[in-house]
>>> print(open('run-v9.cif').read())   # mmCIF, C-alpha atoms
data_coords
#
loop_
_atom_site.label_atom_id
_atom_site.label_comp_id
_atom_site.auth_asym_id
_atom_site.auth_seq_id
_atom_site.Cartn_x
_atom_site.Cartn_y
_atom_site.Cartn_z
CA MET U 20 15.64 88.74 38.48
CA HIS U 21 14.39 87.47 35.11
CA VAL U 22 10.70 86.63 34.76
CA GLY U 23 9.31 84.68 31.83
CA SER U 24 6.15 82.84 30.89
CA PHE U 25 5.68 79.07 30.82
CA VAL U 26 3.53 77.92 27.91
CA LEU U 27 1.92 74.49 27.76
CA ALA U 28 -0.60 75.16 24.98
CA ALA U 29 -3.09 73.58 27.37
CA GLN U 30 -6.33 72.31 25.86
CA PHE U 31 -9.12 73.13 28.28
CA PRO U 32 -12.40 71.17 28.12
CA GLY U 33 -14.52 72.27 25.19
CA GLN U 34 -11.59 73.78 23.32
CA GLY U 35 -9.96 72.63 20.10
CA GLU U 36 -6.26 72.01 19.67
CA GLY U 37 -5.95 74.94 17.27
CA GLU U 38 -7.43 77.25 19.89
CA ALA U 39 -4.89 76.08 22.46
CA LEU U 40 -1.97 76.58 20.08
CA HIS U 41 -3.20 80.00 18.98
CA ARG U 42 -3.38 81.10 22.62
CA ALA U 43 0.16 79.81 23.14
CA VAL U 44 1.52 81.85 20.24
CA ARG U 45 -0.36 84.99 21.21
CA SER U 46 0.76 84.75 24.83
CA ALA U 47 4.38 84.58 23.69
CA GLU U 48 3.97 87.60 21.41
CA VAL U 49 2.34 89.57 24.23
CA ALA U 50 5.14 88.47 26.58
CA GLU U 51 7.66 90.22 24.35
CA GLU U 52 5.46 93.30 24.03
CA SER U 53 5.11 93.44 27.82
CA GLY U 54 8.82 93.25 28.61
CA LEU U 55 9.11 89.69 29.92
CA HIS U 56 12.56 88.16 29.75
CA ALA U 57 11.72 84.77 28.23
CA VAL U 58 9.06 82.34 27.14
CA TRP U 59 9.47 78.65 28.02
CA LEU U 60 7.69 76.01 25.93
CA ALA U 61 6.50 72.61 27.15
CA GLU U 62 6.34 69.43 25.07
CA HIS U 63 3.77 66.63 25.34
CA HIS U 64 2.56 63.82 23.11
CA PHE U 65 -0.93 62.41 22.62
CA VAL U 66 -2.56 64.28 25.55
CA PRO U 67 -4.61 67.49 25.88
CA TYR U 68 -2.57 68.49 28.96
CA GLY U 69 -0.34 70.21 26.41
CA THR U 70 -0.87 70.24 22.66
CA CYS U 71 2.67 71.16 21.56
CA PRO U 72 4.43 67.92 20.48
CA SER U 73 7.73 69.62 19.60
CA ALA U 74 8.92 72.44 21.84
CA ILE U 75 11.93 73.14 19.63
CA THR U 76 9.74 73.50 16.54
CA LEU U 77 7.45 75.99 18.27
CA ALA U 78 10.56 77.75 19.61
CA ALA U 79 11.83 78.20 16.04
CA PHE U 80 8.49 79.69 15.01
CA LEU U 81 8.41 82.10 17.95
CA LEU U 82 12.02 83.17 17.50
CA GLY U 83 11.06 84.16 13.97
CA ARG U 84 8.03 86.10 15.23
CA THR U 85 9.93 87.99 17.96
CA HIS U 86 12.99 90.21 18.15
CA ARG U 87 14.14 90.54 21.77
CA ILE U 88 12.72 87.89 24.07
CA ARG U 89 14.56 84.65 24.86
CA VAL U 90 12.80 81.40 23.94
CA GLY U 91 13.49 78.13 25.71
CA THR U 92 12.20 74.58 25.75
CA ALA U 93 10.81 73.34 29.07
CA VAL U 94 11.47 70.76 28.08
CA SER U 95 12.49 68.82 25.01
CA VAL U 96 12.09 65.17 26.06
CA LEU U 97 15.51 63.62 25.48
CA PRO U 98 14.65 59.88 25.58
CA THR U 99 12.33 60.27 22.57
CA ALA U 100 14.75 62.42 20.53
CA HIS U 101 18.18 61.73 19.06
CA PRO U 102 20.67 63.96 20.89
CA VAL U 103 22.52 64.83 17.68
CA ALA U 104 19.34 65.85 15.86
CA LEU U 105 18.32 67.96 18.84
CA GLY U 106 21.81 69.43 19.08
CA GLU U 107 21.78 70.37 15.39
CA GLN U 108 18.42 72.09 15.79
CA ALA U 109 19.63 73.95 18.88
CA ALA U 110 22.77 75.12 17.09
CA LEU U 111 20.70 76.30 14.15
CA LEU U 112 18.40 78.33 16.40
CA HIS U 113 21.38 79.73 18.31
CA HIS U 114 22.90 81.01 15.08
CA THR U 115 19.77 82.37 13.45
CA SER U 116 18.28 84.02 16.57
CA GLY U 117 21.39 85.87 17.65
CA GLY U 118 21.82 83.66 20.72
CA ARG U 119 18.25 83.99 22.08
CA PHE U 120 17.57 80.25 22.39
CA THR U 121 17.84 78.06 25.50
CA LEU U 122 17.61 74.28 25.23
CA GLY U 123 15.93 72.73 28.24
CA VAL U 124 15.89 68.92 28.33
CA GLY U 125 14.31 66.37 30.61
CA ARG U 126 13.73 62.66 31.08
CA GLY U 127 9.97 62.85 30.60
CA GLY U 128 7.85 59.99 31.92
CA PRO U 129 7.26 56.26 31.32
CA TRP U 130 4.62 57.07 28.74
CA VAL U 131 3.53 55.33 25.55
CA ASP U 132 5.67 57.91 23.71
CA LEU U 133 8.62 55.58 24.30
CA GLU U 134 6.85 52.86 22.32
CA VAL U 135 5.67 55.11 19.50
CA PHE U 136 9.09 56.66 18.90
CA GLY U 137 10.95 53.38 19.30
CA ALA U 138 13.07 54.50 22.23
CA GLY U 139 11.89 51.83 24.65
CA LEU U 140 11.59 51.90 28.41
CA GLU U 141 15.36 51.54 28.91
CA ALA U 142 15.94 54.94 27.28
CA TYR U 143 13.80 56.45 30.05
CA GLU U 144 15.05 54.35 32.96
CA LYS U 145 18.79 54.18 32.19
CA GLY U 146 19.66 56.09 29.04
CA PHE U 147 19.27 59.74 30.04
CA PRO U 148 22.88 60.34 31.22
CA GLU U 149 24.34 58.91 28.01
CA ALA U 150 22.00 60.99 25.85
CA LEU U 151 22.72 64.14 27.87
CA ASP U 152 26.49 63.66 27.58
CA LEU U 153 26.24 63.17 23.81
CA LEU U 154 24.09 66.29 23.47
CA GLU U 155 26.48 68.34 25.59
CA ARG U 156 29.48 67.23 23.54
CA TRP U 157 27.64 68.12 20.33
CA LEU U 158 27.05 71.65 21.59
CA ARG U 159 30.71 72.03 22.64
CA ASP U 160 33.12 70.08 20.42
CA PRO U 161 34.12 70.54 16.75
CA SER U 162 33.54 66.85 15.99
CA VAL U 163 31.83 64.01 17.82
CA ALA U 164 31.83 60.21 17.85
CA ALA U 165 29.80 57.86 20.05
CA ASP U 166 30.44 54.38 21.42
CA GLY U 167 27.81 53.98 24.10
CA GLU U 168 25.05 51.54 24.96
CA ARG U 169 22.44 53.29 22.83
CA PHE U 170 24.34 55.57 20.45
CA ARG U 171 27.24 54.40 18.31
CA PHE U 172 28.64 56.17 15.25
CA ARG U 173 31.95 57.19 13.68
CA GLU U 174 33.37 60.66 14.24
CA VAL U 175 31.53 63.37 12.30
CA PRO U 176 31.98 67.14 12.15
CA VAL U 177 29.52 69.40 13.99
CA VAL U 178 27.82 71.65 11.43
CA PRO U 179 26.91 74.36 12.24
CA ARG U 180 29.21 74.71 15.22
CA PRO U 181 27.47 76.67 17.97
CA ALA U 182 30.76 78.29 19.00
CA GLU U 183 31.09 79.93 15.57
CA ALA U 184 27.85 81.90 15.81
CA LEU U 185 28.06 85.69 15.73
CA THR U 186 26.95 86.02 19.36
CA ASP U 187 28.50 86.91 22.70
CA VAL U 188 28.13 83.34 23.97
CA GLN U 189 29.77 80.13 22.77
CA GLY U 190 26.60 78.14 22.24
CA PRO U 191 22.98 77.70 23.25
CA GLU U 192 22.39 77.49 26.97
CA LEU U 193 21.56 73.97 28.16
CA VAL U 194 19.41 73.42 31.27
CA VAL U 195 18.09 70.20 32.81
CA ALA U 196 14.69 69.56 34.38
CA CYS U 197 15.30 68.09 37.84
CA THR U 198 12.70 66.31 39.96
CA SER U 199 14.83 64.09 42.21
CA PRO U 200 18.20 64.10 44.01
CA ALA U 201 19.58 61.84 41.26
CA SER U 202 18.73 64.33 38.52
CA VAL U 203 20.07 67.21 40.63
CA ARG U 204 23.40 65.39 40.97
CA LEU U 205 23.38 64.64 37.25
CA ALA U 206 23.06 68.35 36.43
CA ALA U 207 25.59 69.38 39.06
CA GLU U 208 28.25 66.98 37.76
CA ARG U 209 28.03 68.73 34.39
CA GLY U 210 27.66 72.27 35.74
CA LEU U 211 24.24 72.63 34.09
CA SER U 212 21.54 74.85 35.56
CA MET U 213 18.32 73.24 36.76
CA LEU U 214 14.68 73.77 35.82
CA LEU U 215 12.57 73.02 38.91
CA GLY U 216 8.89 72.14 38.65
CA MET U 217 5.84 74.08 39.73
CA HIS U 218 4.63 71.25 41.99
CA VAL U 219 7.24 71.96 44.69
CA GLY U 220 7.55 74.96 46.99
CA ASP U 221 10.37 77.20 48.13
CA GLU U 222 11.70 74.90 50.85
CA GLU U 223 12.17 71.93 48.55
CA LYS U 224 13.61 74.09 45.78
CA ALA U 225 16.10 75.61 48.23
CA GLU U 226 17.15 72.09 49.26
CA MET U 227 17.66 71.12 45.60
CA VAL U 228 19.77 74.22 44.94
CA ALA U 229 21.86 73.47 48.04
CA LEU U 230 22.35 69.86 46.92
CA TRP U 231 23.33 71.05 43.43
CA ARG U 232 25.98 73.39 44.86
CA GLN U 233 27.31 70.76 47.26
CA HIS U 234 27.63 68.12 44.56
CA ALA U 235 29.08 70.56 42.01
CA ARG U 236 31.83 71.49 44.50
CA ALA U 237 32.49 67.82 45.25
CA CYS U 238 32.87 67.16 41.52
CA GLY U 239 35.42 69.95 41.18
CA ARG U 240 33.32 72.36 39.16
CA PRO U 241 34.86 75.87 39.07
CA ALA U 242 33.74 78.22 41.85
CA GLU U 243 32.71 80.92 39.39
CA GLU U 244 30.54 78.41 37.54
CA ILE U 245 28.81 77.37 40.76
CA LEU U 246 28.20 80.97 41.82
CA GLY U 247 27.03 81.92 38.32
CA ALA U 248 24.52 79.09 37.89
CA SER U 249 21.15 80.49 36.95
CA HIS U 250 18.47 77.99 37.90
CA VAL U 251 14.86 78.35 36.76
CA SER U 252 11.76 78.01 38.96
CA ALA U 253 8.51 77.05 37.24
CA GLY U 254 5.28 78.31 38.77
CA VAL U 255 1.81 79.69 38.16
CA CYS U 256 0.89 83.37 37.96
CA GLN U 257 -2.59 84.84 37.95
CA ILE U 258 -3.10 88.54 38.59
CA ALA U 259 -6.23 90.33 39.78
CA ASP U 260 -6.92 93.33 41.97
CA ARG U 261 -7.85 90.95 44.81
CA ARG U 262 -6.27 87.61 45.62
CA VAL U 263 -9.65 85.94 45.99
CA ASP U 264 -10.52 86.86 42.41
CA ALA U 265 -7.23 85.57 41.01
CA ALA U 266 -7.59 82.28 42.88
CA GLU U 267 -11.22 81.95 41.81
CA THR U 268 -10.21 82.27 38.15
CA LEU U 269 -7.82 79.35 38.49
CA MET U 270 -10.12 77.24 40.66
CA LYS U 271 -12.85 77.51 38.03
CA ALA U 272 -10.69 76.56 35.05
CA MET U 273 -7.66 74.52 36.03
CA PRO U 274 -9.20 71.45 37.73
CA GLY U 275 -11.17 70.56 34.59
CA TRP U 276 -8.08 70.92 32.42
CA LEU U 277 -5.91 68.94 34.84
CA LYS U 278 -8.40 66.08 35.06
CA HIS U 279 -8.95 66.09 31.30
CA GLY U 280 -5.21 66.26 30.58
CA LEU U 281 -3.59 64.09 33.22
CA GLU U 282 -6.04 61.22 32.81
CA ALA U 283 -5.01 60.92 29.16
CA HIS U 284 -1.47 59.80 29.98
CA VAL U 285 -0.87 56.12 29.19
CA THR U 286 2.12 54.24 30.62
CA VAL U 287 4.25 52.23 28.21
CA ASP U 288 4.36 49.14 30.40
CA GLY U 289 0.97 49.23 32.12
CA ARG U 290 2.42 50.28 35.48
CA THR U 291 -0.03 51.75 37.97
CA ARG U 292 0.27 55.49 38.38
CA ARG U 293 -1.25 57.80 40.91
CA MET U 294 -2.89 60.95 39.56
CA ARG U 295 -3.04 64.10 41.63
CA ASP U 296 -6.46 65.27 42.72
CA PRO U 297 -7.11 68.18 40.29
CA LEU U 298 -8.90 70.39 42.81
CA ALA U 299 -6.34 69.87 45.57
CA TYR U 300 -3.48 70.39 43.11
CA THR U 301 -4.94 73.70 41.92
CA GLU U 302 -5.31 74.83 45.53
CA LEU U 303 -1.69 73.85 46.17
CA LEU U 304 -0.46 75.85 43.16
CA CYS U 305 -2.47 78.91 44.25
CA GLY U 306 -0.78 78.71 47.64
CA LEU U 307 2.76 78.23 46.35
CA HIS U 308 2.95 80.80 43.59
CA PRO U 309 2.20 84.45 42.69
CA VAL U 310 -1.60 84.43 42.58
CA GLY U 311 -3.22 87.70 43.62
CA SER U 312 -2.66 91.42 43.34
CA PRO U 313 0.39 92.83 41.54
CA ARG U 314 1.95 93.75 44.89
CA LEU U 315 1.37 90.27 46.30
CA CYS U 316 2.79 88.66 43.15
CA ALA U 317 5.91 90.81 43.26
CA ASP U 318 6.41 90.05 46.95
CA ARG U 319 5.95 86.31 46.35
CA LEU U 320 8.52 86.25 43.53
CA ALA U 321 11.01 88.27 45.58
CA ALA U 322 10.53 85.97 48.58
CA THR U 323 11.04 82.84 46.49
CA SER U 324 14.21 84.28 44.99
CA GLU U 325 15.55 85.19 48.44
CA ARG U 326 14.70 81.79 49.97
CA THR U 327 16.01 79.66 47.11
CA GLY U 328 18.71 81.72 45.41
CA ILE U 329 16.86 81.24 42.10
CA SER U 330 16.90 84.24 39.78
CA ARG U 331 14.78 83.06 36.85
CA PHE U 332 11.08 82.24 36.73
CA ALA U 333 8.90 80.46 34.16
CA LEU U 334 5.30 81.27 35.08
CA LEU U 335 2.22 79.53 33.71
CA VAL U 336 -0.01 82.41 32.63
CA GLU U 337 -2.74 80.53 30.73
CA GLY U 338 -4.48 79.08 33.79
CA SER U 339 -7.76 80.82 32.96
CA GLY U 340 -7.99 78.91 29.68
CA ASP U 341 -9.24 82.08 27.99
CA LEU U 342 -7.32 83.96 25.31
CA ALA U 343 -8.30 87.49 26.30
CA ALA U 344 -7.76 86.77 30.00
CA THR U 345 -4.37 85.23 29.27
CA GLU U 346 -3.27 88.26 27.27
CA GLU U 347 -4.39 90.58 30.07
CA ASN U 348 -2.58 88.43 32.63
CA VAL U 349 0.68 88.62 30.69
CA ARG U 350 0.36 92.39 30.22
CA ARG U 351 -0.26 92.94 33.92
CA LEU U 352 2.72 90.74 34.77
CA GLY U 353 4.92 92.88 32.55
CA THR U 354 3.56 96.33 33.39
CA GLU U 355 2.45 96.01 37.03
CA VAL U 356 4.63 93.29 38.59
CA LEU U 357 8.02 93.52 36.88
CA PRO U 358 8.57 97.23 37.70
CA GLN U 359 8.28 96.35 41.41
CA LEU U 360 11.10 93.80 41.09
CA VAL U 361 13.73 96.17 39.75
#
>>> encode(input="run-v9.cif", output="structure tokens")
Amino acid sequence: MHVGSFVLAAQFPGQGEGEALHRAVRSAEVAEESGLHAVWLAEHHFVPYGTCPSAITLAAFLLGRTHRIRVGTAVSVLPTAHPVALGEQAALLHHTSGGRFTLGVGRGGPWVDLEVFGAGLEAYEKGFPEALDLLERWLRDPSVAADGERFRFREVPVVPRPAEALTDVQGPELVVACTSPASVRLAAERGLSMLLGMHVGDEEKAEMVALWRQHARACGRPAEEILGASHVSAGVCQIADRRVDAAETLMKAMPGWLKHGLEAHVTVDGRTRRMRDPLAYTELLCGLHPVGSPRLCADRLAATSERTGISRFALLVEGSGDLAATEENVRRLGTEVLPQLV
């Protein structure tokens, strides 16, 4: 089992953006010091829900500041990025980090980002498969051309080629954020591991993994690839000596951040959207994920892995909104929870 942290660089009420980003960097450094397997970085635009606008840029910075830990994007939003540019950046980080980088991509939402970056609503609603295929080819082939609906260009060489890095693997790992049966099938057709969100519990995640395996087999993916898929479960982790204290920490801090952050999202086309109730959502997360004593957290992670078949976790550790508390939370995860999972 591989446990990592999930970093949003969340801006809690009363905090500045610099404070949120500093906490994000420090939590990643402490994650390496504490023996965590990976740090996963979120990407958001124009909202305090998360103040990192480029997960791959922050990943490059953290790969330079660390030596052992894996760094992944969770996720780079593909409709607002050019797949070739993202593929070049991923290949560069794969080479220069010794193969420690994972590229996670997702469709994002129907936000105003699509207008600002010129992608348009169609890139979100219809263009994700084309962009994903182009990205995957860039990470695999020696040269690439495109003749699709959105991307068209003559054949060009891939430089640097991920496969020519001095690592044990051919190229950077590519994972796909999945929130619906359609996205699960999309990942399965390509044999790509899934990143599953923190808003769903074990039962739904187990169903998504089962659907992925079923569809991958139907598409003729190799049996060893299906068995070796390493999906990622996002969640929340808050550690205290008593569960009531861990839950109280999150219930005091997270609803204000969620309200502040989620309300800031603006749709590109004015469509009505339904926002989760921040208090009820925090209560839901406390019930679904490892929130409590180190023993309880270890048991919860082990149970989720057994129920879902998922072996990797990306855990939000900054739910207190406080730098010192976040650092302590990461250290306790590494020193008090991980040893119980061996």
>>> atom_distance(input="run-v9.cif", atom1="CA of Leu151 (chain U)", atom2="CA of Gln108 (chain U)")
15.1 Å
>>> residues_near_point(input="run-v9.cif", point="(5.1, 77.7, 20.4)", cutoff="8 Å", atoms="all atoms listed in the file", output="PDB file with C-alpha atoms, in the frame of the given file")
ATOM      1  CA  VAL U  26       3.530  77.920  27.910  1.00  0.00           C
ATOM      2  CA  ALA U  28      -0.600  75.160  24.980  1.00  0.00           C
ATOM      3  CA  LEU U  40      -1.970  76.580  20.080  1.00  0.00           C
ATOM      4  CA  ALA U  43       0.160  79.810  23.140  1.00  0.00           C
ATOM      5  CA  VAL U  44       1.520  81.850  20.240  1.00  0.00           C
ATOM      6  CA  ALA U  47       4.380  84.580  23.690  1.00  0.00           C
ATOM      7  CA  LEU U  60       7.690  76.010  25.930  1.00  0.00           C
ATOM      8  CA  CYS U  71       2.670  71.160  21.560  1.00  0.00           C
ATOM      9  CA  ALA U  74       8.920  72.440  21.840  1.00  0.00           C
ATOM     10  CA  THR U  76       9.740  73.500  16.540  1.00  0.00           C
ATOM     11  CA  LEU U  77       7.450  75.990  18.270  1.00  0.00           C
ATOM     12  CA  ALA U  78      10.560  77.750  19.610  1.00  0.00           C
ATOM     13  CA  PHE U  80       8.490  79.690  15.010  1.00  0.00           C
ATOM     14  CA  LEU U  81       8.410  82.100  17.950  1.00  0.00           C
TER      15      LEU U  81
END
>>> atom_distance(input="run-v9.cif", atom1="CA of Ser212 (chain U)", atom2="CA of His250 (chain U)")
5.0 Å
>>> resolve_selection(input="run-v9.cif", expression="the PyMOL selection byres ((chain U and resi 201) around 12)", output="VMD selection string")
chain U and resid 126 145 147 to 148 195 to 200 202 to 208 227 230 to 231 234
>>> closest_residue(input="run-v9.cif", among="U:Ala184, U:Ala265, U:Leu55, U:Ala165", to="Gly353 (chain U)", atoms="all atoms listed in the file")
U:Leu55
>>> closest_residue(input="run-v9.cif", among="U:Ala253, U:Ala39, U:Ala164, U:Val96", to="Asp132 (chain U)", atoms="all atoms listed in the file")
U:Val96
>>> resolve_selection(input="run-v9.cif", expression="the PyMOL selection byres ((chain U and resi 336) around 9)", output="MDAnalysis selection string")
chainID U and resid 24:26 46 255:257 334:335 337:339 345:346 348:349
>>> closest_residue(input="run-v9.cif", among="U:Pro102, U:Gly190, U:Gly117, U:Gly340", to="Pro32 (chain U)", atoms="all atoms listed in the file")
U:Gly340
>>> atom_distance(input="run-v9.cif", atom1="CA of Val163 (chain U)", atom2="CA of Val178 (chain U)")
10.7 Å
>>> resolve_selection(input="run-v9.cif", expression="the PyMOL selection byres ((chain U and resi 302-304) around 10)", output="ChimeraX atom specification")
/U:217-220,254-256,266-267,269-270,273-274,297-301,305-310
>>> residues_around(input="run-v9.cif", residues="Thr99 (chain U)", least_positions_apart="4", cutoff="9 Å", atoms="only C-alpha atoms", output="list in words")
Ser95, Arg126, Gly127, Asp132, Leu133, Val135, Phe136, Gly137, Ala138, Gly139, Ala142 and Tyr143 of chain U
>>> build_atoms(input="run-v9.cif", residues="region 229-241 of chain U", atoms="N, CA and C atoms", output="mmCIF file, keeping the file's coordinate frame")
data_model
loop_
_atom_site.group_PDB
_atom_site.id
_atom_site.type_symbol
_atom_site.label_atom_id
_atom_site.label_comp_id
_atom_site.auth_asym_id
_atom_site.auth_seq_id
_atom_site.Cartn_x
_atom_site.Cartn_y
_atom_site.Cartn_z
ATOM 1 N N ALA U 229 20.754 73.757 47.126
ATOM 2 C CA ALA U 229 21.860 73.470 48.040
ATOM 3 C C ALA U 229 22.554 72.157 47.680
ATOM 4 N N LEU U 230 21.770 71.140 47.336
ATOM 5 C CA LEU U 230 22.350 69.860 46.920
ATOM 6 C C LEU U 230 23.154 70.026 45.642
ATOM 7 N N TRP U 231 22.627 70.806 44.694
ATOM 8 C CA TRP U 231 23.330 71.050 43.430
ATOM 9 C C TRP U 231 24.711 71.683 43.721
ATOM 10 N N ARG U 232 24.721 72.705 44.557
ATOM 11 C CA ARG U 232 25.980 73.390 44.860
ATOM 12 C C ARG U 232 26.961 72.455 45.569
ATOM 13 N N GLN U 233 26.455 71.689 46.526
ATOM 14 C CA GLN U 233 27.310 70.760 47.260
ATOM 15 C C GLN U 233 27.932 69.728 46.332
ATOM 16 N N HIS U 234 27.124 69.162 45.453
ATOM 17 C CA HIS U 234 27.630 68.120 44.560
ATOM 18 C C HIS U 234 28.544 68.718 43.488
ATOM 19 N N ALA U 235 28.217 69.914 43.008
ATOM 20 C CA ALA U 235 29.080 70.560 42.010
ATOM 21 C C ALA U 235 30.471 70.822 42.589
ATOM 22 N N ARG U 236 30.522 71.273 43.842
ATOM 23 C CA ARG U 236 31.830 71.490 44.500
ATOM 24 C C ARG U 236 32.576 70.173 44.656
ATOM 25 N N ALA U 237 31.854 69.122 45.059
ATOM 26 C CA ALA U 237 32.490 67.820 45.250
ATOM 27 C C ALA U 237 33.032 67.261 43.938
ATOM 28 N N CYS U 238 32.428 67.633 42.834
ATOM 29 C CA CYS U 238 32.870 67.160 41.520
ATOM 30 C C CYS U 238 33.967 68.035 40.925
ATOM 31 N N GLY U 239 34.341 69.090 41.644
ATOM 32 C CA GLY U 239 35.420 69.950 41.180
ATOM 33 C C GLY U 239 35.016 70.984 40.154
ATOM 34 N N ARG U 240 33.732 71.303 40.087
ATOM 35 C CA ARG U 240 33.320 72.360 39.160
ATOM 36 C C ARG U 240 33.912 73.692 39.623
ATOM 37 N N PRO U 241 34.248 74.585 38.699
ATOM 38 C CA PRO U 241 34.860 75.870 39.070
ATOM 39 C C PRO U 241 33.932 76.704 39.963
#
